[in-house]
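Here is final.txt, consisting of compact mmCIF, C-alpha atoms and all ligand atoms:
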# COMPACT_ATOMS: atom_id res chain seq x y z
CA MET A 457 -68.14 44.08 -43.04
CA VAL A 458 -68.16 42.63 -39.50
CA ILE A 459 -65.45 40.61 -37.77
CA GLN A 460 -67.25 37.31 -38.45
CA ASP A 461 -67.05 38.07 -42.19
CA VAL A 462 -63.24 38.05 -41.96
CA LEU A 463 -63.37 34.55 -40.45
CA ASN A 464 -65.76 33.47 -43.19
CA LEU A 465 -63.48 34.82 -45.94
CA PHE A 466 -60.19 33.36 -44.72
CA GLY A 467 -61.35 30.50 -42.50
CA LYS A 468 -61.04 30.58 -38.72
CA VAL A 469 -57.29 29.91 -38.38
CA ASP A 470 -56.00 32.35 -41.01
CA GLY A 471 -58.78 34.86 -40.20
CA GLU A 472 -57.67 34.98 -36.57
CA ILE A 473 -54.02 35.38 -37.57
CA ILE A 474 -54.93 38.30 -39.87
CA LEU A 475 -57.11 40.03 -37.26
CA LYS A 476 -54.34 39.69 -34.68
CA HIS A 477 -51.56 40.82 -37.03
CA TYR A 478 -53.24 43.90 -38.49
CA PHE A 479 -55.69 45.02 -35.79
CA ASN A 480 -54.27 43.37 -32.70
CA PHE A 481 -57.56 41.56 -31.95
CA ASN A 482 -56.92 38.54 -29.78
CA LYS A 483 -59.14 35.44 -29.75
CA ILE A 484 -61.33 36.76 -26.91
CA ASP A 485 -61.85 40.13 -28.69
CA ILE A 486 -62.93 38.20 -31.75
CA VAL A 487 -65.42 35.98 -29.92
CA LEU A 488 -66.91 38.94 -28.03
CA ASN A 489 -67.13 41.25 -31.07
CA LYS A 490 -68.16 38.95 -33.92
CA ASN A 491 -70.80 41.39 -35.13
CA LYS A 492 -68.72 44.53 -34.73
CA GLU A 493 -68.38 46.58 -37.93
CA LEU A 494 -64.82 47.15 -39.18
CA GLU A 495 -63.79 50.72 -39.98
CA GLU A 496 -63.62 51.65 -43.65
CA ASN A 497 -59.80 51.53 -43.86
CA GLN A 498 -59.78 48.16 -42.08
CA GLU A 499 -62.34 46.78 -44.51
CA ASN A 500 -60.33 48.05 -47.50
CA LEU A 501 -57.21 46.38 -46.15
CA ILE A 502 -59.05 43.09 -45.71
CA TYR A 503 -60.24 43.17 -49.35
CA GLU A 504 -56.72 44.01 -50.51
CA ILE A 505 -55.31 41.01 -48.63
CA TYR A 506 -58.11 38.79 -49.90
CA GLU A 507 -57.28 39.64 -53.53
CA LYS A 508 -53.84 38.01 -53.07
CA TYR A 509 -55.05 35.28 -50.74
CA LYS A 510 -57.67 33.94 -53.14
CA LYS A 511 -54.91 33.43 -55.74
CA ASN A 512 -53.20 31.14 -53.22
CA TYR A 513 -50.49 33.70 -52.51
CA PRO A 514 -49.06 32.49 -49.19
CA LEU A 515 -50.29 34.26 -46.07
CA GLN A 516 -46.72 34.11 -44.74
CA TYR A 517 -45.60 36.45 -47.54
CA ILE A 518 -48.64 38.71 -47.17
CA LEU A 519 -47.97 39.21 -43.46
CA GLY A 520 -44.21 39.56 -43.93
CA GLN A 521 -43.56 37.46 -40.85
CA TRP A 522 -44.14 33.96 -39.54
CA ASN A 523 -43.55 32.15 -36.29
CA PHE A 524 -40.79 29.59 -35.90
CA TYR A 525 -39.92 27.98 -32.57
CA GLY A 526 -41.81 30.67 -30.68
CA ARG A 527 -40.26 33.66 -32.46
CA ASP A 528 -41.70 35.83 -35.25
CA PHE A 529 -39.24 35.89 -38.17
CA PHE A 530 -39.45 38.28 -41.14
CA THR A 531 -40.46 36.53 -44.35
CA GLU A 532 -39.97 37.73 -47.90
CA LYS A 533 -40.92 36.60 -51.36
CA ASN A 534 -37.90 34.90 -53.04
CA VAL A 535 -36.94 33.15 -49.80
CA LEU A 536 -38.45 29.91 -48.49
CA ILE A 537 -41.22 30.33 -45.90
CA PRO A 538 -40.39 28.84 -42.47
CA ARG A 539 -42.12 25.48 -42.04
CA PHE A 540 -43.49 24.18 -38.77
CA GLU A 541 -41.97 20.73 -39.45
CA THR A 542 -38.47 22.22 -39.49
CA GLU A 543 -38.89 22.80 -35.75
CA ILE A 544 -38.46 19.02 -35.36
CA LEU A 545 -34.91 19.22 -36.75
CA VAL A 546 -34.05 22.00 -34.29
CA GLU A 547 -35.73 20.14 -31.43
CA LYS A 548 -33.82 16.90 -32.13
CA ILE A 549 -30.51 18.77 -32.31
CA LEU A 550 -31.23 20.46 -28.96
CA ASP A 551 -32.30 17.11 -27.47
CA LEU A 552 -28.76 15.82 -28.10
CA ASN A 553 -27.76 18.13 -25.26
CA ILE A 554 -24.37 18.79 -26.78
CA ALA A 555 -22.82 22.22 -26.23
CA PHE A 556 -21.85 22.65 -29.89
CA LYS A 557 -19.16 25.31 -30.26
CA ASN A 558 -18.88 25.66 -34.04
CA ILE A 559 -21.90 25.12 -36.23
CA LEU A 560 -22.25 25.37 -40.01
CA GLU A 561 -25.63 25.62 -41.69
CA ILE A 562 -25.88 25.10 -45.44
CA GLY A 563 -28.85 26.85 -47.07
CA VAL A 564 -30.04 29.26 -44.37
CA GLY A 565 -33.05 30.76 -46.18
CA SER A 566 -34.63 33.20 -43.72
CA GLY A 567 -32.11 32.15 -41.07
CA ILE A 568 -34.57 30.33 -38.79
CA ILE A 569 -32.35 27.33 -38.00
CA SER A 570 -29.07 29.21 -37.46
CA ILE A 571 -30.68 31.98 -35.43
CA THR A 572 -32.69 29.59 -33.26
CA LEU A 573 -29.60 27.47 -32.55
CA ALA A 574 -27.57 30.63 -31.87
CA LEU A 575 -30.16 31.76 -29.33
CA GLU A 576 -30.69 28.35 -27.75
CA ILE A 577 -27.09 27.08 -27.54
CA GLU A 578 -25.08 29.38 -25.35
CA ASP A 579 -21.48 29.98 -26.44
CA SER A 580 -22.05 28.51 -29.90
CA LYS A 581 -20.65 30.24 -32.96
CA ILE A 582 -22.56 29.74 -36.16
CA ILE A 583 -21.73 30.27 -39.82
CA GLY A 584 -24.69 30.07 -42.17
CA VAL A 585 -24.33 30.04 -45.94
CA ASP A 586 -26.75 30.37 -48.83
CA ILE A 587 -26.28 30.75 -52.57
CA SER A 588 -29.11 33.29 -52.71
CA GLN A 589 -28.35 36.93 -51.88
CA ASN A 590 -32.06 37.43 -51.07
CA ALA A 591 -31.75 34.72 -48.43
CA ILE A 592 -28.56 36.20 -46.95
CA ASP A 593 -30.17 39.67 -46.76
CA LEU A 594 -33.29 38.31 -45.07
CA ALA A 595 -31.28 36.16 -42.65
CA ASN A 596 -29.31 39.28 -41.71
CA ARG A 597 -32.55 41.23 -41.12
CA ASN A 598 -33.72 38.45 -38.81
CA LYS A 599 -30.34 38.32 -37.08
CA GLU A 600 -30.65 42.05 -36.32
CA LYS A 601 -34.26 41.64 -35.21
CA PHE A 602 -33.20 39.20 -32.49
CA ASN A 603 -29.92 40.97 -31.79
CA VAL A 604 -27.94 37.79 -32.42
CA LYS A 605 -24.20 38.24 -32.11
CA ASN A 606 -22.90 34.67 -32.44
CA CYS A 607 -23.97 34.06 -36.00
CA GLU A 608 -22.59 35.14 -39.36
CA PHE A 609 -24.20 34.73 -42.79
CA ILE A 610 -22.09 34.33 -45.93
CA LYS A 611 -23.08 34.03 -49.57
CA SER A 612 -21.65 30.74 -50.75
CA ASP A 613 -22.36 27.88 -53.13
CA LEU A 614 -22.32 25.05 -50.58
CA PHE A 615 -18.85 25.09 -48.94
CA SER A 616 -17.12 27.22 -51.61
CA ASN A 617 -16.68 30.37 -49.46
CA VAL A 618 -16.27 28.60 -46.12
CA ASN A 619 -12.75 28.95 -44.77
CA LYS A 620 -10.96 25.65 -45.39
CA ASN A 621 -9.16 25.84 -42.06
CA LEU A 622 -12.39 25.73 -40.07
CA LYS A 623 -13.79 22.56 -38.51
CA PHE A 624 -17.37 22.33 -37.26
CA ASP A 625 -18.79 20.07 -34.59
CA LEU A 626 -22.25 20.32 -36.17
CA ILE A 627 -23.20 20.67 -39.83
CA VAL A 628 -26.93 21.17 -40.31
CA SER A 629 -29.03 21.62 -43.41
CA ASN A 630 -32.59 21.67 -44.65
CA PRO A 631 -31.53 21.52 -48.29
CA PRO A 632 -33.68 21.63 -51.41
CA TYR A 633 -34.96 18.04 -51.66
CA ILE A 634 -37.86 17.82 -54.11
CA ASN A 635 -37.16 15.45 -56.99
CA LEU A 636 -37.79 16.11 -60.68
CA GLU A 637 -41.05 14.18 -60.81
CA ASP A 638 -42.56 15.90 -57.77
CA MET A 639 -41.46 19.35 -59.00
CA GLY A 640 -43.95 18.88 -61.83
CA LYS A 641 -46.78 18.27 -59.36
CA LEU A 642 -46.25 21.11 -56.88
CA GLU A 643 -49.41 22.71 -55.52
CA GLU A 644 -50.03 26.30 -56.64
CA LYS A 645 -49.05 27.68 -53.22
CA LEU A 646 -45.50 26.33 -53.55
CA SER A 647 -45.12 27.93 -56.98
CA TYR A 648 -44.64 31.30 -55.25
CA GLU A 649 -41.51 30.04 -53.49
CA PRO A 650 -38.09 30.04 -55.18
CA GLU A 651 -37.24 26.91 -57.15
CA ILE A 652 -33.67 27.18 -55.92
CA ALA A 653 -34.96 26.42 -52.41
CA LEU A 654 -36.95 23.37 -53.50
CA TYR A 655 -35.33 21.41 -56.32
CA GLY A 656 -32.87 18.75 -55.19
CA GLY A 657 -31.93 17.18 -58.54
CA GLU A 658 -33.43 14.25 -60.42
CA ASP A 659 -33.80 12.00 -57.36
CA GLY A 660 -33.93 14.91 -54.85
CA LEU A 661 -30.71 13.77 -53.15
CA ASP A 662 -28.05 15.96 -54.85
CA PHE A 663 -27.55 18.24 -51.85
CA TYR A 664 -27.33 15.40 -49.33
CA ARG A 665 -24.56 13.77 -51.41
CA ALA A 666 -22.67 17.04 -51.79
CA ILE A 667 -22.97 18.06 -48.13
CA ILE A 668 -22.04 14.61 -46.80
CA GLU A 669 -19.06 14.60 -49.17
CA GLY A 670 -18.03 18.08 -47.97
CA ALA A 671 -18.38 17.00 -44.36
CA ASN A 672 -15.22 14.89 -44.89
CA GLU A 673 -13.29 18.12 -44.89
CA TYR A 674 -15.32 20.39 -42.62
CA LEU A 675 -16.73 18.17 -39.88
CA SER A 676 -14.55 17.51 -36.85
CA SER A 677 -13.96 13.90 -35.85
CA ASN A 678 -16.94 12.77 -33.80
CA GLY A 679 -18.89 15.75 -35.22
CA VAL A 680 -22.64 15.58 -35.89
CA ILE A 681 -24.48 16.00 -39.18
CA ALA A 682 -28.20 16.76 -39.15
CA PHE A 683 -30.63 17.10 -42.05
CA GLU A 684 -34.28 17.70 -42.68
CA ILE A 685 -35.37 15.08 -45.23
CA GLY A 686 -38.29 14.32 -47.52
CA TYR A 687 -40.88 11.77 -46.29
CA ASN A 688 -39.47 8.96 -48.48
CA GLN A 689 -35.75 9.75 -48.43
CA GLY A 690 -34.69 8.35 -45.04
CA GLU A 691 -33.28 5.01 -46.20
CA SER A 692 -31.43 6.44 -49.22
CA ILE A 693 -29.76 9.13 -47.12
CA LYS A 694 -28.92 6.58 -44.45
CA ASP A 695 -27.13 4.56 -47.16
CA ILE A 696 -25.14 7.61 -48.31
CA LEU A 697 -24.16 8.32 -44.69
CA LYS A 698 -23.05 4.69 -44.19
CA GLU A 699 -20.98 4.82 -47.40
CA HIS A 700 -19.15 7.75 -45.80
CA ASN A 701 -18.63 5.86 -42.54
CA PHE A 702 -21.11 7.82 -40.44
CA LYS A 703 -22.40 6.00 -37.37
CA ASP A 704 -25.21 6.34 -34.78
CA ILE A 705 -27.64 7.18 -37.59
CA SER A 706 -31.15 8.05 -36.37
CA ILE A 707 -34.20 8.94 -38.41
CA TYR A 708 -36.97 10.93 -36.71
CA LYS A 709 -40.60 11.21 -37.74
CA ASP A 710 -42.90 14.23 -37.85
CA TYR A 711 -46.39 14.47 -36.33
CA ASN A 712 -47.89 12.87 -39.44
CA ASP A 713 -45.61 9.88 -38.94
CA PHE A 714 -43.46 10.73 -41.97
CA ASP A 715 -39.65 10.60 -41.80
CA ARG A 716 -38.60 14.21 -41.27
CA CYS A 717 -34.98 14.37 -40.17
CA ILE A 718 -31.84 12.32 -39.90
CA ILE A 719 -28.93 12.80 -37.52
CA ALA A 720 -25.61 10.94 -37.55
CA ARG A 721 -22.16 11.11 -36.07
CA ARG A 722 -18.84 10.95 -37.79
C1 LIG B 1 -35.32 24.24 -48.28
S1 LIG B 1 -34.54 25.83 -48.19
C2 LIG B 1 -34.24 25.92 -46.44
C3 LIG B 1 -34.19 27.31 -45.90
C4 LIG B 1 -34.11 27.41 -44.37
N1 LIG B 1 -32.94 26.74 -43.83
C5 LIG B 1 -35.37 26.83 -43.75
O1 LIG B 1 -35.27 25.74 -43.17
O2 LIG B 1 -36.44 27.45 -43.85
C6 LIG B 1 -32.98 25.52 -48.92
C7 LIG B 1 -32.04 26.70 -49.02
O3 LIG B 1 -30.84 26.27 -49.67
C8 LIG B 1 -30.37 27.31 -50.50
N2 LIG B 1 -29.49 26.75 -51.54
C9 LIG B 1 -29.83 26.18 -52.72
N3 LIG B 1 -28.73 25.80 -53.39
C10 LIG B 1 -27.67 26.13 -52.62
C11 LIG B 1 -26.25 26.01 -52.77
N4 LIG B 1 -25.71 25.46 -53.87
N5 LIG B 1 -25.45 26.49 -51.80
C12 LIG B 1 -25.98 27.06 -50.70
N6 LIG B 1 -27.32 27.20 -50.48
C13 LIG B 1 -28.15 26.75 -51.43
C14 LIG B 1 -31.64 27.95 -51.05
O4 LIG B 1 -31.38 29.25 -51.51
C15 LIG B 1 -32.56 27.88 -49.83
O5 LIG B 1 -32.48 29.06 -49.08

For the file at hand, write its structure as structure tokens.
Ligand SMILES: C[S@@+](CC[C@H](N)C(=O)[O-])C[C@H]1O[C@@H](n2cnc3c(N)ncnc32)[C@H](O)[C@@H]1O
Amino acid sequence: MVIQDVLNLFGKVDGEIILKHYFNFNKIDIVLNKNKELEENQENLIYEIYEKYKKNYPLQYILGQWNFYGRDFFTEKNVLIPRFETEILVEKILDLNIAFKNILEIGVGSGIISITLALEIEDSKIIGVDISQNAIDLANRNKEKFNVKNCEFIKSDLFSNVNKNLKFDLIVSNPPYINLEDMGKLEEKLSYEPEIALYGGEDGLDFYRAIIEGANEYLSSNGVIAFEIGYNQGESIKDILKEHNFKDISIYKDYNDFDRCIIARR
């Protein structure tokens, strides 16, 4: 097997990621050595990876890491894979240019949002919760990887284990938001990810309602709430926010022109 065969098997983008991750070949090495034979152990590894890959097992789980906002986070089966689109939520929060002091994230998964905010907002203190112990363990591994000190992860069903005396000036969440109908139509790739990270109730909005409700108690006056949302959920979530007297509600689109996040102020 030569290097070009790896690109043919996995396609150019994933092939390049695999060659970089396992053999440290950069793009120039690849172009200059397309016909170079792989060593036997390298070839065996490629076939091993391909066995999983051809069954649509996500590359992010195979590699055990994925990039988010310029940093390589550990990934693990049983915890949602970091999505590129979630960077928009982080970007829009940072664009507010507010020196948030106390931040709460509901549903941390691998910890990408909390850890990125902790690293990007100096002097912030972040509490991140998740109902899944797998998620909390992975978020803690990532926290150690980046030597983050201003962030703590707690196992909690929504707000249940969050100290009632605390007030946050930002509550952020990328909650499970797929509705019942769409859960039945998920592509095979998504079937490897935990349902608990995806299913948002019959209309997909259960977590938005619960978090906005909880914000009554945990969000400081004038505090900000920020969510990632599904492509068709913007108006419904805006209505829920209005019912709870939130103001300055903005919906932001992703690069495919779909609604992707919503930010409002109490
Ligand atoms: C869509 S994932 C987002 C993960 C991560 N924040 C990200 O953006 O990649 C939603 C997360 O919410 C967590 N979750 C589901 N139900 C929850 C609950 N009742 N309380 C806290 N977290 C919950 C899931 O375990 C999952 O990690």

**OP:** Check every protein, DNA and RNA residue against ligand LIG 1 (chain B), keep those with an atom at most 7 Å away (counting only C-alpha atoms and all ligand atoms), and present them as a list in words.
**Re:**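 Selection of residues at most 7 Å from ligand LIG 1 (chain B): Val535, Leu536, Ile537, Pro538, Arg539, Thr542, Ile562, Gly563, Val564, Gly565, Ser566, Gly567, Ile568, Ile569, Val585, Asp586, Ile587, Ser588, Ala591, Ser612, Asp613, Leu614, Ser629, Asn630, Pro631, Pro632, Ile652, Ala653 and Leu654 of chain A.
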
Now that the selection is made, can you save its residues with C-alpha atoms as a JSON list (two decimals), in the coordinates of the input?
[["chain", "number", "residue", "atom", "x", "y", "z"],
["A", 535, "VAL", "CA", -36.94, 33.15, -49.80],
["A", 536, "LEU", "CA", -38.45, 29.91, -48.49],
["A", 537, "ILE", "CA", -41.22, 30.33, -45.90],
["A", 538, "PRO", "CA", -40.39, 28.84, -42.47],
["A", 539, "ARG", "CA", -42.12, 25.48, -42.04],
["A", 542, "THR", "CA", -38.47, 22.22, -39.49],
["A", 562, "ILE", "CA", -25.88, 25.10, -45.44],
["A", 563, "GLY", "CA", -28.85, 26.85, -47.07],
["A", 564, "VAL", "CA", -30.04, 29.26, -44.37],
["A", 565, "GLY", "CA", -33.05, 30.76, -46.18],
["A", 566, "SER", "CA", -34.63, 33.20, -43.72],
["A", 567, "GLY", "CA", -32.11, 32.15, -41.07],
["A", 568, "ILE", "CA", -34.57, 30.33, -38.79],
["A", 569, "ILE", "CA", -32.35, 27.33, -38.00],
["A", 585, "VAL", "CA", -24.33, 30.04, -45.94],
["A", 586, "ASP", "CA", -26.75, 30.37, -48.83],
["A", 587, "ILE", "CA", -26.28, 30.75, -52.57],
["A", 588, "SER", "CA", -29.11, 33.29, -52.71],
["A", 591, "ALA", "CA", -31.75, 34.72, -48.43],
["A", 612, "SER", "CA", -21.65, 30.74, -50.75],
["A", 613, "ASP", "CA", -22.36, 27.88, -53.13],
["A", 614, "LEU", "CA", -22.32, 25.05, -50.58],
["A", 629, "SER", "CA", -29.03, 21.62, -43.41],
["A", 630, "ASN", "CA", -32.59, 21.67, -44.65],
["A", 631, "PRO", "CA", -31.53, 21.52, -48.29],
["A", 632, "PRO", "CA", -33.68, 21.63, -51.41],
["A", 652, "ILE", "CA", -33.67, 27.18, -55.92],
["A", 653, "ALA", "CA", -34.96, 26.42, -52.41],
["A", 654, "LEU", "CA", -36.95, 23.37, -53.50]]

Original post:
Restricting the calculation to only C-alpha atoms, which member of A:Asp662, A:Glu541, A:Glu643, A:Asp461 is positioned closest to Leu494 (chain A)?
Top reply: A:Asp461

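Each of A:Lys510, A:Lys490, A:Lys623, A:His477 was compared to Glu644 (chain A) using all atoms listed in the file, and A:Lys510 turns out to be the nearest.
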
**OP:** Give me, please, the distance in Å between CA of Leu573 (chain A) and CA of Ile696 (chain A), quoted to one decimal.
**Re:** 25.7 Å

Original post:
Quick one: residues within 12 Å of Glu651 (chain A), all atoms listed in the file counted, chain neighbours fewer than 5 positions away excluded, as a list in words?
Top reply: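 Residues meeting the cut-off are Lys533, Asn534, Val535, Leu536, Ser588, Pro631, Pro632, Tyr633, Ile634, Asn635, Leu636, Met639, Gly640, Leu642, Leu646, Gly656 and Gly657 of chain A.
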
Original post:
Could you work out how far CA of Asn598 (chain A) lies from CA of Tyr513 (chain A), giving the answer in Å with one decimal?
Top reply: 22.2 Å

**OP:** Would you mind telling me which residue in A:Lys709, A:Phe524, A:Thr531, A:Asp625 lies nearest to Ile554 (chain A) when using only C-alpha atoms?
**Re:** A:Asp625

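Interatomic distance, CA of Asn500 (chain A) to CA of Gly471 (chain A): 15.2 Å.
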